[in-house]
Structures are given as structure tokens and as C-alpha cells.
>>> print(open('upload.tsv').read())   # TSV, C-alpha atoms
chain	number	residue	atom	x	y	z
A	1	MET	CA	-4.58	9.88	-26.82
A	2	LEU	CA	-1.82	10.74	-29.28
A	3	LEU	CA	0.42	11.57	-26.34
A	4	ILE	CA	-0.25	8.17	-24.76
A	5	LEU	CA	0.47	6.30	-27.98
A	6	SER	CA	3.73	8.19	-28.45
A	7	LYS	CA	4.73	7.38	-24.87
A	8	VAL	CA	3.98	3.70	-25.41
A	9	ILE	CA	6.14	3.71	-28.54
A	10	GLU	CA	8.91	5.50	-26.64
A	11	TYR	CA	8.76	2.80	-23.93
A	12	CYS	CA	8.84	-0.04	-26.43
A	13	LYS	CA	11.80	1.45	-28.30
A	14	LYS	CA	13.77	1.71	-25.04
A	15	HIS	CA	12.95	-1.85	-24.03
A	16	VAL	CA	13.65	-3.56	-27.33
A	17	VAL	CA	15.38	-6.93	-26.96
A	18	LEU	CA	17.88	-7.66	-29.74
A	19	PRO	CA	17.81	-11.06	-31.52
A	20	ASP	CA	20.96	-12.25	-29.76
A	21	GLY	CA	19.22	-11.91	-26.40
A	22	ASP	CA	20.96	-8.79	-25.06
A	23	SER	CA	18.73	-5.84	-24.29
A	24	SER	CA	19.53	-2.57	-26.08
A	25	SER	CA	22.77	-0.99	-24.91
A	26	SER	CA	21.54	0.14	-21.44
A	27	SER	CA	22.29	-1.98	-18.36
A	28	ARG	CA	19.55	-3.12	-16.00
A	29	GLU	CA	20.14	-0.32	-13.52
A	30	GLU	CA	20.05	2.34	-16.23
A	31	LEU	CA	16.81	0.87	-17.54
A	32	LYS	CA	15.27	0.92	-14.06
A	33	ALA	CA	16.29	4.56	-13.63
A	34	TRP	CA	14.85	5.40	-17.05
A	35	ASP	CA	11.58	3.62	-16.15
A	36	ALA	CA	11.35	5.64	-12.91
A	37	GLU	CA	11.79	8.90	-14.84
A	38	PHE	CA	9.30	7.76	-17.47
A	39	MET	CA	6.69	7.22	-14.77
A	40	LYS	CA	7.15	10.68	-13.25
A	41	THR	CA	4.00	12.09	-14.73
A	42	ASP	CA	0.42	12.90	-13.74
A	43	GLN	CA	-2.00	10.24	-12.53
A	44	SER	CA	-4.24	10.47	-15.56
A	45	THR	CA	-1.31	9.71	-17.91
A	46	ILE	CA	-0.29	6.76	-15.74
A	47	PHE	CA	-3.83	5.34	-15.80
A	48	ASN	CA	-4.02	5.80	-19.58
A	49	LEU	CA	-0.67	4.05	-19.98
A	50	ILE	CA	-2.01	1.14	-17.91
A	51	LEU	CA	-5.14	0.97	-20.08
A	52	ALA	CA	-3.07	1.11	-23.25
A	53	ALA	CA	-0.62	-1.55	-22.06
A	54	ASN	CA	-3.54	-3.75	-20.99
A	55	PHE	CA	-5.24	-3.39	-24.39
A	56	LEU	CA	-2.03	-3.82	-26.39
A	57	ASN	CA	-0.90	-6.65	-24.10
A	58	ILE	CA	2.51	-5.16	-23.25
A	59	LYS	CA	3.19	-6.97	-19.97
A	60	ASN	CA	6.31	-5.05	-18.88
A	61	LEU	CA	4.65	-1.66	-19.30
A	62	LEU	CA	1.48	-2.89	-17.59
A	63	ASP	CA	3.49	-4.19	-14.62
A	64	LEU	CA	5.54	-0.98	-14.48
A	65	GLY	CA	2.41	1.19	-14.44
A	66	CYS	CA	0.68	-1.03	-11.85
A	67	GLN	CA	3.78	-1.13	-9.63
A	68	THR	CA	3.99	2.69	-9.75
A	69	VAL	CA	0.37	3.04	-8.67
A	70	ALA	CA	0.83	0.34	-6.01
A	71	ASP	CA	3.82	2.22	-4.60
A	72	MET	CA	1.66	5.35	-4.39
A	73	ILE	CA	-1.03	3.43	-2.51
A	74	THR	CA	1.52	2.00	-0.10
A	75	GLU	CA	2.94	5.44	0.56
A	76	ASN	CA	-0.57	6.90	0.91
A	77	GLN	CA	-0.12	9.45	-1.86
A	78	TRP	CA	-3.14	8.10	-3.66
A	79	ALA	CA	-6.09	10.44	-3.97
A	80	PHE	CA	-8.80	8.60	-5.78
A	81	GLU	CA	-10.09	10.77	-8.57
B	1	MET	CA	-11.95	4.24	-14.95
B	2	LEU	CA	-9.63	1.28	-14.91
B	3	PRO	CA	-11.15	-2.17	-15.48
B	4	GLU	CA	-11.22	-4.75	-12.68
B	5	ALA	CA	-8.31	-6.72	-14.13
B	6	CYS	CA	-6.03	-3.66	-14.03
B	7	ILE	CA	-7.07	-2.82	-10.47
B	8	ALA	CA	-6.36	-6.43	-9.53
B	9	ASN	CA	-2.92	-6.16	-11.11
B	10	ILE	CA	-2.22	-2.92	-9.20
B	11	ILE	CA	-3.29	-4.17	-5.81
B	12	SER	CA	-1.38	-7.42	-6.25
B	13	PHE	CA	1.78	-5.28	-5.95
B	14	THR	CA	0.72	-3.87	-2.57
B	15	SER	CA	0.30	-5.82	0.67
B	16	PRO	CA	-2.59	-7.81	2.11
B	17	ALA	CA	-3.20	-4.96	4.58
B	18	ASP	CA	-3.66	-2.50	1.69
B	19	ILE	CA	-5.91	-4.95	-0.15
B	20	PHE	CA	-8.20	-5.40	2.84
B	21	SER	CA	-8.48	-1.64	3.34
B	22	SER	CA	-8.93	-0.83	-0.35
B	23	SER	CA	-11.91	-3.22	-0.57
B	24	ALA	CA	-13.97	-0.46	1.06
B	25	ILE	CA	-13.30	2.05	-1.76
B	26	SER	CA	-15.73	0.78	-4.40
B	27	LEU	CA	-17.32	-2.32	-5.84
B	28	VAL	CA	-14.56	-2.68	-8.45
B	29	PHE	CA	-11.91	-2.64	-5.71
B	30	ARG	CA	-13.86	-5.15	-3.67
B	31	LEU	CA	-14.23	-7.53	-6.62
B	32	ALA	CA	-10.55	-7.12	-7.51
B	33	GLY	CA	-9.65	-7.63	-3.86
B	34	ASP	CA	-11.56	-10.93	-3.76
B	35	SER	CA	-10.05	-12.32	-6.94
B	36	ASP	CA	-7.94	-15.45	-7.12
B	37	PHE	CA	-5.40	-13.64	-9.31
B	38	VAL	CA	-4.50	-11.31	-6.44
B	39	TRP	CA	-4.47	-13.86	-3.61
B	40	GLU	CA	-2.44	-16.42	-5.55
B	41	LYS	CA	0.47	-13.96	-5.33
B	42	PHE	CA	0.40	-14.02	-1.54
B	43	LEU	CA	0.17	-17.76	-1.11
B	44	PRO	CA	3.40	-19.74	-0.64
B	45	SER	CA	4.43	-21.47	-3.87
B	46	ASP	CA	4.09	-24.85	-2.16
B	47	TYR	CA	0.64	-24.15	-0.67
B	48	LYS	CA	-0.95	-27.25	-2.20
B	49	SER	CA	1.72	-29.44	-0.66
B	50	LEU	CA	1.36	-27.67	2.72
B	51	ILE	CA	-2.38	-28.32	2.75
B	52	SER	CA	-1.93	-31.97	1.78
B	53	ARG	CA	0.60	-32.42	4.61
B	54	SER	CA	-1.66	-30.80	7.17
B	55	THR	CA	-4.04	-32.29	9.71
B	56	ASP	CA	-6.83	-30.59	7.71
B	57	HIS	CA	-5.98	-32.04	4.30
B	58	GLN	CA	-9.52	-33.09	3.37
B	59	ARG	CA	-10.80	-29.55	3.49
B	60	SER	CA	-11.87	-27.93	0.21
B	61	PHE	CA	-11.69	-24.21	-0.49
B	62	SER	CA	-13.89	-22.01	-2.65
B	63	SER	CA	-11.29	-19.32	-3.37
B	64	LYS	CA	-7.64	-18.45	-2.98
B	65	LYS	CA	-8.62	-15.77	-0.49
B	66	GLU	CA	-10.18	-18.49	1.66
B	67	ILE	CA	-6.94	-20.49	1.48
B	68	TYR	CA	-5.01	-17.37	2.54
B	69	ARG	CA	-7.32	-16.88	5.53
B	70	CYS	CA	-6.93	-20.52	6.52
B	71	LEU	CA	-3.13	-20.24	6.41
B	72	CYS	CA	-3.33	-17.09	8.56
B	73	ASP	CA	-5.03	-19.14	11.27
B	74	SER	CA	-2.00	-21.45	11.27
B	75	LEU	CA	-1.68	-24.94	9.93
B	76	LEU	CA	-0.17	-27.98	11.66
B	77	ILE	CA	1.78	-30.03	9.13
B	78	ASP	CA	3.92	-33.18	8.98
B	79	ASN	CA	2.01	-35.14	11.66
B	80	ALA	CA	1.63	-31.98	13.72
B	81	ARG	CA	5.40	-31.65	14.08
B	82	LYS	CA	5.55	-28.21	12.47
B	83	LEU	CA	3.29	-25.20	12.43
B	84	PHE	CA	3.03	-22.87	9.40
B	85	LYS	CA	1.41	-19.49	9.54
B	86	ILE	CA	1.07	-16.36	7.42
B	87	ASN	CA	0.90	-12.94	9.09
B	88	LYS	CA	-2.44	-11.65	7.84
B	89	LEU	CA	-1.46	-8.03	7.20
B	90	SER	CA	2.10	-8.29	5.95
B	91	GLY	CA	1.76	-11.61	4.13
B	92	LYS	CA	5.05	-12.91	5.62
B	93	PHE	CA	5.45	-16.61	6.39
B	94	PHE	CA	6.46	-18.12	9.69
B	95	TYR	CA	7.21	-21.57	10.92
B	96	ILE	CA	7.37	-23.12	14.37
B	97	LEU	CA	9.30	-26.39	14.55
B	98	SER	CA	8.09	-28.55	17.45
B	99	ALA	CA	10.42	-30.13	19.98
B	100	ARG	CA	9.92	-33.47	18.16
B	101	ASP	CA	10.99	-31.87	14.88
B	102	ILE	CA	14.27	-30.48	16.18
B	103	SER	CA	17.23	-32.47	17.39
B	104	ILE	CA	17.75	-32.52	21.14
B	105	GLN	CA	20.66	-34.56	22.42
B	106	SER	CA	19.55	-37.69	24.32
B	107	ASN	CA	15.89	-36.73	23.82
B	108	ASP	CA	14.79	-40.34	23.67
B	109	GLU	CA	16.45	-41.26	26.95
B	110	ALA	CA	13.73	-41.32	29.57
B	111	SER	CA	16.14	-40.47	32.37
B	112	TYR	CA	17.16	-37.22	30.68
B	113	TRP	CA	14.01	-35.85	29.06
B	114	SER	CA	10.32	-36.36	29.66
B	115	TRP	CA	7.73	-35.77	26.93
B	116	SER	CA	4.21	-34.69	27.71
B	117	LYS	CA	1.42	-32.39	26.61
B	118	VAL	CA	1.86	-28.98	28.19
B	119	SER	CA	-1.43	-27.12	28.56
B	120	ASP	CA	-0.62	-24.01	26.52
B	121	SER	CA	1.61	-25.63	23.96
B	122	ARG	CA	0.59	-25.59	20.31
B	123	PHE	CA	1.94	-29.12	19.82
B	124	LEU	CA	1.05	-32.58	21.10
B	125	GLU	CA	4.24	-32.87	23.17
B	126	SER	CA	6.90	-30.67	24.68
B	127	ALA	CA	10.20	-31.84	26.12
B	128	GLU	CA	11.04	-31.22	29.77
B	129	LEU	CA	14.63	-31.64	30.86
B	130	ILE	CA	14.94	-33.93	33.86
B	131	THR	CA	18.70	-33.73	34.10
B	132	THR	CA	21.77	-33.50	31.91
B	133	ASP	CA	25.20	-31.94	31.95
B	134	ARG	CA	25.21	-31.39	28.19
B	135	LEU	CA	22.36	-29.44	26.65
B	136	GLU	CA	22.42	-29.46	22.85
B	137	VAL	CA	19.45	-28.37	20.74
B	138	ASN	CA	19.62	-28.08	16.93
B	139	GLY	CA	17.02	-27.13	14.39
B	140	ARG	CA	17.19	-26.52	10.66
B	141	ILE	CA	15.08	-24.85	8.03
B	142	GLN	CA	15.33	-24.14	4.30
B	143	THR	CA	15.11	-20.46	3.38
B	144	GLY	CA	13.15	-21.40	0.25
B	145	VAL	CA	9.99	-22.07	2.31
B	146	LEU	CA	10.08	-18.59	3.89
B	147	SER	CA	9.22	-15.15	2.46
B	148	PRO	CA	12.02	-13.81	0.23
B	149	ASN	CA	14.02	-10.62	0.93
B	150	THR	CA	13.12	-10.68	4.62
B	151	ARG	CA	15.18	-10.58	7.80
B	152	TYR	CA	14.14	-13.50	10.01
B	153	GLY	CA	14.89	-14.25	13.66
B	154	ALA	CA	14.96	-17.73	15.24
B	155	TYR	CA	13.74	-18.16	18.82
B	156	LEU	CA	13.77	-21.18	21.10
B	157	ILE	CA	10.39	-21.34	22.89
B	158	VAL	CA	10.88	-22.39	26.50
B	159	LYS	CA	9.48	-22.37	29.99
B	160	VAL	CA	11.39	-22.72	33.20
B	161	SER	CA	9.64	-24.95	35.71
B	162	LYS	CA	9.54	-24.25	39.43
B	163	HIS	CA	12.01	-26.99	40.28
B	164	ALA	CA	14.62	-25.87	37.70
B	165	TYR	CA	18.29	-25.90	38.65
B	166	GLY	CA	21.66	-25.28	37.12
B	167	LEU	CA	20.29	-22.99	34.40
B	168	ASP	CA	21.56	-19.65	35.59
B	169	LEU	CA	25.14	-20.53	36.35
B	170	VAL	CA	26.69	-20.22	32.95
B	171	PRO	CA	25.28	-18.76	29.71
B	172	ALA	CA	24.53	-21.03	26.77
B	173	GLU	CA	26.02	-20.52	23.33
B	174	VAL	CA	23.68	-19.88	20.43
B	175	CYS	CA	24.73	-20.20	16.84
B	176	MET	CA	23.19	-19.54	13.42
B	177	ASN	CA	24.88	-21.13	10.48
B	178	SER	CA	23.70	-20.89	6.88
B	179	SER	CA	24.88	-22.97	3.95
B	180	ASN	CA	26.18	-19.84	2.22
B	181	GLY	CA	28.93	-19.88	4.84
B	182	ARG	CA	27.78	-17.28	7.32
B	183	THR	CA	28.02	-18.22	11.01
B	184	VAL	CA	27.05	-15.98	13.92
B	185	LYS	CA	27.49	-16.96	17.55
B	186	ASN	CA	26.31	-15.38	20.75
B	187	LYS	CA	25.81	-16.12	24.44
B	188	VAL	CA	22.53	-16.08	26.30
B	189	TYR	CA	21.38	-17.15	29.74
B	190	LEU	CA	18.74	-19.87	29.97
B	191	CYS	CA	16.72	-18.15	32.60
B	192	CYS	CA	16.14	-14.69	33.94
B	193	LEU	CA	18.13	-13.21	36.75
B	194	ASP	CA	16.57	-13.53	40.17
B	195	GLU	CA	18.19	-10.73	42.21
B	196	LYS	CA	17.54	-12.23	45.63
B	197	LYS	CA	18.91	-15.59	44.63
B	198	GLN	CA	21.94	-13.89	43.07
B	199	GLN	CA	22.74	-12.10	46.32
B	200	MET	CA	22.62	-15.36	48.26
B	201	LYS	CA	24.81	-17.04	45.70
B	202	ARG	CA	27.39	-14.29	45.74
B	203	LEU	CA	27.71	-14.74	49.47
B	204	LEU	CA	28.12	-18.49	49.28
B	205	TYR	CA	29.52	-19.29	45.84
B	206	GLY	CA	31.04	-16.04	44.55
B	207	ASN	CA	34.43	-17.53	43.55
B	208	ARG	CA	32.97	-20.62	41.96
B	209	GLU	CA	30.75	-18.55	39.69
B	210	GLU	CA	33.66	-16.41	38.58
B	211	ARG	CA	35.69	-19.49	37.71
B	212	MET	CA	32.80	-20.90	35.72
B	213	ALA	CA	32.24	-17.61	33.92
B	214	MET	CA	35.89	-17.71	32.84
B	215	THR	CA	35.41	-21.09	31.15
B	216	VAL	CA	32.90	-19.54	28.75
B	217	GLY	CA	34.73	-16.23	28.32
B	218	MET	CA	32.22	-14.11	30.17
B	219	VAL	CA	34.84	-12.34	32.31
B	220	GLY	CA	34.21	-8.63	32.50
B	221	ALA	CA	30.71	-8.90	31.04
B	222	ASP	CA	28.57	-6.49	33.00
B	223	HIS	CA	24.98	-6.91	34.04
B	224	GLU	CA	23.57	-4.68	31.30
B	225	LYS	CA	24.90	-6.92	28.55
B	226	ARG	CA	23.32	-10.07	30.00
B	227	ARG	CA	21.08	-11.64	27.37
B	228	GLU	CA	18.11	-13.45	28.82
B	229	PRO	CA	14.91	-15.12	27.70
B	230	LYS	CA	12.10	-12.66	26.93
B	231	GLY	CA	8.41	-13.09	27.60
B	232	ARG	CA	5.96	-13.90	24.80
B	233	ASP	CA	2.23	-13.33	24.47
B	234	ASP	CA	1.37	-17.02	24.72
B	235	GLY	CA	2.64	-17.65	28.26
B	236	TRP	CA	6.05	-18.98	27.14
B	237	MET	CA	9.50	-17.38	27.08
B	238	GLU	CA	11.81	-17.19	24.10
B	239	ILE	CA	15.59	-17.25	23.70
B	240	GLU	CA	16.89	-15.58	20.55
B	241	LEU	CA	19.16	-17.94	18.64
B	242	GLY	CA	20.09	-15.43	15.94
B	243	GLU	CA	18.94	-13.94	12.67
B	244	PHE	CA	19.38	-14.43	8.93
B	245	GLU	CA	18.20	-12.91	5.66
B	246	THR	CA	16.34	-14.65	2.90
B	247	ARG	CA	16.89	-13.71	-0.73
B	248	GLU	CA	14.61	-14.19	-3.71
B	249	GLY	CA	15.50	-17.28	-5.69
B	250	GLU	CA	17.87	-18.72	-3.06
B	251	ASP	CA	17.22	-21.84	-1.00
B	252	ASP	CA	19.87	-22.17	1.72
B	253	GLU	CA	19.81	-24.45	4.73
B	254	VAL	CA	20.03	-22.55	8.01
B	255	ASN	CA	21.16	-24.40	11.14
B	256	MET	CA	20.10	-22.94	14.48
B	257	SER	CA	21.54	-24.27	17.69
B	258	LEU	CA	21.78	-23.73	21.41
B	259	THR	CA	24.40	-25.57	23.44
B	260	GLU	CA	25.42	-25.50	27.06
B	261	VAL	CA	28.22	-27.97	27.42
B	262	LYS	CA	31.02	-25.96	28.99
B	263	GLY	CA	29.47	-25.59	32.43
B	264	TYR	CA	29.62	-29.32	33.29
B	265	GLN	CA	27.06	-28.74	36.03
B	266	LEU	CA	23.82	-30.68	36.02
B	267	LYS	CA	20.82	-28.72	34.89
B	268	GLY	CA	17.14	-29.46	34.65
B	269	GLY	CA	13.67	-28.00	34.62
B	270	ILE	CA	13.71	-26.30	31.24
B	271	VAL	CA	10.72	-27.16	29.01
B	272	ILE	CA	11.20	-26.80	25.25
B	273	ASP	CA	8.19	-26.32	22.96
B	274	GLY	CA	10.12	-25.72	19.75
B	275	ILE	CA	11.87	-23.15	17.60
B	276	GLU	CA	9.97	-20.26	16.02
B	277	VAL	CA	11.28	-18.66	12.82
B	278	ARG	CA	9.57	-15.33	12.25
B	279	PRO	CA	10.29	-12.03	10.44
B	280	LYS	CA	12.24	-9.66	12.64
B	281	SER	CA	10.10	-6.60	12.25
B	282	LEU	CA	6.49	-6.63	11.18
B	283	ASN	CA	5.25	-3.20	10.17
>>> encode(input="upload.tsv", output="C-alpha cells")
Amino acid sequence: MLLILSKVIEYCKKHVVLPDGDSSSSSREELKAWDAEFMKTDQSTIFNLILAANFLNIKNLLDLGCQTVADMITENQWAFE
Amino acid sequence: MLPEACIANIISFTSPADIFSSSAISLVFRLAGDSDFVWEKFLPSDYKSLISRSTDHQRSFSSKKEIYRCLCDSLLIDNARKLFKINKLSGKFFYILSARDISIQSNDEASYWSWSKVSDSRFLESAELITTDRLEVNGRIQTGVLSPNTRYGAYLIVKVSKHAYGLDLVPAEVCMNSSNGRTVKNKVYLCCLDEKKQQMKRLLYGNREERMAMTVGMVGADHEKRREPKGRDDGWMEIELGEFETREGEDDEVNMSLTEVKGYQLKGGIVIDGIEVRPKSLN
């Protein structure tokens, strides 16, 4: 659980939007690449991240987690545990 | 395990085919797979307007999934001048514009075109060419009503009647033009090659055909490159007019046309049902 919370905080820090509207230094492509790396983890962590984002109402993280799982389903890598 | 709302969010990022197959996994998947939240994502943004413009506008629906299924069975809209359909498994949209909805030169002149119900047509009327020396057919569609980020092809749906003439002499020119400036042209014959007839013609009219081929720049084109109508599953033939790509957030006008005006010979016997705009490859 502590691991999940720290990952959520890590995600939020990376995706902070500054008051003047620009996102933190990284460009969109860099952010997408970072998100892809962030999601390279085991299924149970991904599910826990989805649950956490759902509970904490963090839409971007929820959509990222769901999209990752959806991509696995589409590519048939899903093994329902 | 994940709650139903999260499962619904996950499967809404997959395709209708995956949603239908995942409904068999467990009760949670089945409930998520039946939810309005998921099916709303696969409906066209203007679905309410499409239903109100259809011949079935009084119908009421109990769920978004039911609306999706109804749109997969195809919907006649705008006084039955257009047909809208969703491919059930991929979720991609297609349109068929009827012959009344496209612009055919001199189509209201009774001596050039006759309009009647053809038995296997999806529309009330199809146009049969009686005779003309200039064949010009134009259709247009907005990319905003189609599925985004998809490669579409446009096809003229035709039949060639038994008493057709003048269609195989010279190829027609097809052109796709979108408002973002891209234009692509090509040449295609209006009917398929009949070998026996070709042999007879070569004997009698060989030179004349070569001269005509020169007027449309077909000199040197060999038999293998001849583009012809292809058969369809519904008993009609189709002539490819071209292709274009749709992009998310863009709404361009695409003009699709077929013209045969350089041959000058009289032609007749081609029946036009409309223009189909469908995704190029459906996995």
C-alpha cells in the first residue's frame, strides 16, 4: 500500500500543471514516454494504481491505468488473475 | 478485484469486439459491458440527430447498447437519401449516399436518366443511364461525421445492364479532393473486360480504340494495370473513387467524383445506386 501511495505521489508530481497553464518542463512526448515507463510494472500494481486513482479521483492516472490494461486486452496479453 | 466502474472504464478503451467477448468472463464484466457509460463512447457524437432524421425516429431505446445495435443494422436518414451504419465489431462508421443524394449531371432529364426502384437496392430509387456523352457524378461528405484517425475509401456502387454500350471504350477519371488541399486522380474502366468482345473489336476497330486511348493518356498502359469495377456481396459492383484519412478534431469536406467526358462517344446502361464511404481495412 505504501508503495502504491508513493507511486501516486510520483505521478502527480510529474504531471503538475503550473499556474500559468504550462505543464512542468517536460514536453508532451516526453510525458507520454515517462507515462509508458511508469506503467511498466506488474499487473497487481497496475490494478492497485487504478483503484487508488479511482478513490482519489485522479482522472489522468485512472485513464492511464485503464488504457494500459485495455491495450493488454487488445493484444491478448491479459491473463485474468 | 476492481469495481464495475473501473472495469467499465478499462473496456471503454478497447473495441466493441473485445467488449462483446469479455462479457463472458464474469458477471462484473457483463454488467460493465452493458453499461451506458461504455456504449456512449462508441456512438457517433451526433447520434440523437441521426435518429431524429431517420425513418425510425419515433422509436425509443432502453439503453445505449440498444442504440448501438440499432445503428449496426443500418439507418436510413434524410428522407431515405443516405444510409448510416456502424460496423459492429470495429465500431467504425460508414455512410452510403444514394443516387438522389449525389450530383449526377442531367439527372433530372428524362431522356438521359431513368429513375426506378431496383430490386436489390437499399434505396427507393436508383439512376439508370439511358444515354449521354458526358458522364459526371459528384458526391461530398464531411469527415467530421466519420470515425476519426481512419483511412476511408469511397466507392461508386453500380450495375451494368445487359443493353449497356459505350462503357468500355475509354476509362473514366476518378478524383478525390479534400478541403485541406489534397487531390488524387486516377483512371478506371466503367465495366469489366469481356475478352471475346475485345477480340472482335480489335479486328474491326483496333485503330479507333488506340486513338481514343490517346485522348485520355492511356497509351502504353498494359492489361495488368487496367482498373475495373469489383464485385460486392450485395449483387452490385463497385468502382473505387479514391481514399482519404480522417483526423481527430478535423472536419474537412471531401469531394468524390467520376467523370467520363473525354471519350465523346454515347454511353448507356450503367445503373448507379450511390456512393459508399467505408473504412479501408476492417480487422
>>> residues_around(input="upload.tsv", residues="region 6-13 of chain A", least_positions_apart="3", cutoff="8 Å", atoms="all atoms listed in the file", output="MDAnalysis selection string")
chainID A and resid 2:3 16 49 52:53 61
>>> closest_residue(input="upload.tsv", among="B:Thr259, B:Ser26, B:Asn79, B:Ser21", to="Ser52 (chain B)", atoms="all atoms listed in the file")
B:Asn79
>>> interface_residues(input="upload.tsv", of="chain A", to="chain B", cutoff="12 Å", atoms="only C-alpha atoms", output="VMD selection string")
chain A and resid 43 to 44 46 to 55 57 59 62 to 76 78 to 81
>>> atom_distance(input="upload.tsv", atom1="CA of Gly269 (chain B)", atom2="CA of Asp194 (chain B)")
15.8 Å
>>> closest_residue(input="upload.tsv", among="B:Val277, B:Ile272, B:Val137, B:Leu124", to="Cys175 (chain B)", atoms="only C-alpha atoms")
B:Val137
>>> closest_residue(input="upload.tsv", among="B:Asn177, B:Ser90, B:Asn138, B:Ser121", to="Asn107 (chain B)", atoms="only C-alpha atoms")
B:Asn138
>>> atom_distance(input="upload.tsv", atom1="CA of Asn186 (chain B)", atom2="CA of Ser257 (chain B)")
10.5 Å
>>> residues_near_point(input="upload.tsv", point="(14.4, -13.8, 8.9)", cutoff="10 Å", atoms="all atoms listed in the file", output="MDAnalysis selection string")
chainID B and resid 92:94 143 146:154 242:247 277:281
>>> residues_around(input="upload.tsv", residues="Lys65 (chain B)", least_positions_apart="4", cutoff="7 Å", atoms="only C-alpha atoms", output="list of chain:residue names")
B:Asp34, B:Asp36, B:Trp39, B:Arg69
>>> write_last_selection(input="upload.tsv", atoms="C-alpha atoms", output="PDB file, keeping the file's coordinate frame")
ATOM      1  CA  ASP B  34     -11.560 -10.930  -3.760  1.00  0.00           C
ATOM      2  CA  ASP B  36      -7.940 -15.450  -7.120  1.00  0.00           C
ATOM      3  CA  TRP B  39      -4.470 -13.860  -3.610  1.00  0.00           C
ATOM      4  CA  ARG B  69      -7.320 -16.880   5.530  1.00  0.00           C
TER       5      ARG B  69
END
>>> atom_distance(input="upload.tsv", atom1="CA of Ala99 (chain B)", atom2="CA of Asp120 (chain B)")
14.2 Å
>>> residues_around(input="upload.tsv", residues="Pro44 (chain B)", least_positions_apart="4", cutoff="10 Å", atoms="only C-alpha atoms", output="list in words")
Glu40, Lys48, Ser49, Leu50, Tyr68, Leu71, Ile86, Gly91, Lys92, Phe93, Gly144, Val145, Leu146 and Ser147 of chain B
>>> residues_around(input="upload.tsv", residues="Arg28 (chain A)", least_positions_apart="6", cutoff="12 Å", atoms="all atoms listed in the file", output="ChimeraX atom specification")
/A:14-15,22,34-35
>>> closest_residue(input="upload.tsv", among="B:Asp252, B:Glu260, B:Ala24, B:Ala127", to="Arg182 (chain B)", atoms="all atoms listed in the file")
B:Asp252
>>> residues_around(input="upload.tsv", residues="Ser98 (chain B)", least_positions_apart="6", cutoff="12 Å", atoms="all atoms listed in the file", output="number ranges by chain")
B: 76-84, 104, 115, 117, 121-127, 137-140, 155-158, 271-277
>>> build_atoms(input="upload.tsv", residues="region 232-247 of chain B", atoms="N, CA and C atoms", output="mmCIF file, keeping the file's coordinate frame")
data_model
loop_
_atom_site.group_PDB
_atom_site.id
_atom_site.type_symbol
_atom_site.label_atom_id
_atom_site.label_comp_id
_atom_site.auth_asym_id
_atom_site.auth_seq_id
_atom_site.Cartn_x
_atom_site.Cartn_y
_atom_site.Cartn_z
ATOM 1 N N ARG B 232 6.770 -13.895 26.028
ATOM 2 C CA ARG B 232 5.960 -13.900 24.800
ATOM 3 C C ARG B 232 4.509 -13.728 25.196
ATOM 4 N N ASP B 233 3.655 -13.527 24.176
ATOM 5 C CA ASP B 233 2.230 -13.330 24.470
ATOM 6 C C ASP B 233 1.501 -14.605 24.845
ATOM 7 N N ASP B 234 2.119 -15.774 24.543
ATOM 8 C CA ASP B 234 1.370 -17.020 24.720
ATOM 9 C C ASP B 234 1.711 -17.727 26.031
ATOM 10 N N GLY B 235 2.346 -17.026 26.970
ATOM 11 C CA GLY B 235 2.640 -17.650 28.260
ATOM 12 C C GLY B 235 3.994 -18.341 28.289
ATOM 13 N N TRP B 236 4.713 -18.372 27.177
ATOM 14 C CA TRP B 236 6.050 -18.980 27.140
ATOM 15 C C TRP B 236 7.112 -17.884 27.110
ATOM 16 N N MET B 237 8.382 -18.315 27.208
ATOM 17 C CA MET B 237 9.500 -17.380 27.080
ATOM 18 C C MET B 237 10.221 -17.742 25.784
ATOM 19 N N GLU B 238 11.046 -16.832 25.282
ATOM 20 C CA GLU B 238 11.810 -17.190 24.100
ATOM 21 C C GLU B 238 13.255 -16.736 24.250
ATOM 22 N N ILE B 239 14.149 -17.564 23.673
ATOM 23 C CA ILE B 239 15.590 -17.250 23.700
ATOM 24 C C ILE B 239 15.986 -17.029 22.258
ATOM 25 N N GLU B 240 16.523 -15.854 21.951
ATOM 26 C CA GLU B 240 16.890 -15.580 20.550
ATOM 27 C C GLU B 240 18.135 -16.364 20.166
ATOM 28 N N LEU B 241 18.022 -17.153 19.097
ATOM 29 C CA LEU B 241 19.160 -17.940 18.640
ATOM 30 C C LEU B 241 19.986 -17.162 17.626
ATOM 31 N N GLY B 242 19.342 -16.203 16.941
ATOM 32 C CA GLY B 242 20.090 -15.430 15.940
ATOM 33 C C GLY B 242 19.157 -14.982 14.837
ATOM 34 N N GLU B 243 19.753 -14.402 13.782
ATOM 35 C CA GLU B 243 18.940 -13.940 12.670
ATOM 36 C C GLU B 243 19.623 -14.228 11.346
ATOM 37 N N PHE B 244 18.830 -14.186 10.269
ATOM 38 C CA PHE B 244 19.380 -14.430 8.930
ATOM 39 C C PHE B 244 18.470 -13.742 7.926
ATOM 40 N N GLU B 245 19.008 -13.559 6.706
ATOM 41 C CA GLU B 245 18.200 -12.910 5.660
ATOM 42 C C GLU B 245 17.877 -13.896 4.565
ATOM 43 N N THR B 246 16.672 -13.774 4.021
ATOM 44 C CA THR B 246 16.340 -14.650 2.900
ATOM 45 C C THR B 246 16.423 -13.811 1.633
ATOM 46 N N ARG B 247 16.806 -14.450 0.535
ATOM 47 C CA ARG B 247 16.890 -13.710 -0.730
ATOM 48 C C ARG B 247 16.061 -14.434 -1.783
#
